[in-house]
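Asks: Have a look at this one before I ask anything.
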Amino acid sequence: MAAGAPETTRQRILDAAVEMTTESGWASVTMSRIAQRCGVSRQTVYNDIGAKPALAKSLILRELEQFLAVVSTAFDQEDDFIRAIRQATYGVLDRAQDNKLLHAVVSATHGADTELLPYLTSHSEGLLGYATELIHEHVEKFEHGLTDDQADTAIEMTVRVVLSHVMQPTKSPDETADDIAWLISRVLNG
């Protein structure tokens, strides 16, 4: 949303759903409670979002768009392909560290149930396709020596690796970004 732009009802609904999920878990989120929190009718929530599965998908897609904006910025600001990958990876992992919704989805210690988790894992084909397509557009501006099919494969594998580190980090964002950039440089220099 642009600075100073009025917040839409849809944005307020999604914000309320995030707050409720992080406060007391996805199971506590109901259309009635969202409506009450937003000061709108339950029908308005259904009209703007749909049923709860559509709400889940909307939440995950909004988060994905915010993560992909970080990726886009990194690729737009870098002239070197490997540095762009490193910066994009770092940006995603850094953002993930403080993302309350993501933590609520993947961590039972935050009182969340796991109903949203499949949208990030087993039902993530659409997310992977969307992310791969957007990243492919950025990758095209670089001279990397890969065919389109090879680039798509490398992008999908990289997205999967980054997603696994988002879900279960083992190192700092800096260290993981360095590792992934190194790996891609090895693939390119074969």
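Here's how to read the names in the structure tokens: chain A, B, ... by the order shown, residue numbers from 1 in each chain, ligand numbers from 1 in the order shown.
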Excluding range 144-161 of chain A and its own-chain neighbours fewer than 6 positions away, which residues fall within 7 Å of it when counting only C-alpha atoms? Please give them as a PyMOL selection string.
Replies: chain A and resi 132+136+188
Asks: Taking the chain letters and numbering used in this document, name the residues of range 9-187 of chain A that DSSP puts in alpha helix (DSSP H), as a count of residues only.
Replies: 135
Asks: Which residue, A:Ile13, A:Leu93, A:Ile85, A:Ala35, has the smallest gap to Ser58 in chain A when you use only C-alpha atoms?
Replies: A:Ile13
Asks: So how far away is CA of Leu61 in chain A from CA of Thr44 in chain A, in Å?
Replies: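 A separation of 20.3 Å between them.
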Asks: What is the CA of Lys141 in chain A to CA of Ile60 in chain A distance in Å?
Replies: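 Taking CA of Lys141 in chain A and CA of Ile60 in chain A, their separation equals 28.2 Å.
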Asks: Just want the 10 Å neighbourhood of Asp174 in chain A, counted on only C-alpha atoms, with same-chain residues fewer than 2 positions away dropped. Output as a list in words.
Replies: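 Selected residues are Arg86, Gln87, Thr89, Tyr90, Gly91, Leu93, Asp94, Lys171, Ser172, Thr176, Ala177, Asp178 and Asp179 of chain A.
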Asks: Between A:Val187, A:Ala17, A:Ile135, A:Leu64, single out the one closest to Asp76 in chain A, counting only C-alpha atoms.
Replies: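 Of A:Val187, A:Ala17, A:Ile135, A:Leu64, the one nearest Asp76 in chain A is A:Ile135, counting only C-alpha atoms.
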Asks: Can you tell me, as a ChimeraX atom specification, what residues are no more than 10 Å from Gln43 in chain A when counting only C-alpha atoms, ignoring any on the same chain fewer than 5 positions away?
Replies: /A:31-32,35,48-50
Asks: I'd like the interatomic distance between CA of Ile34 in chain A and CA of Pro53 in chain A, to a tenth of an Å.
Replies: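 Distance between the two atoms: 14.3 Å.
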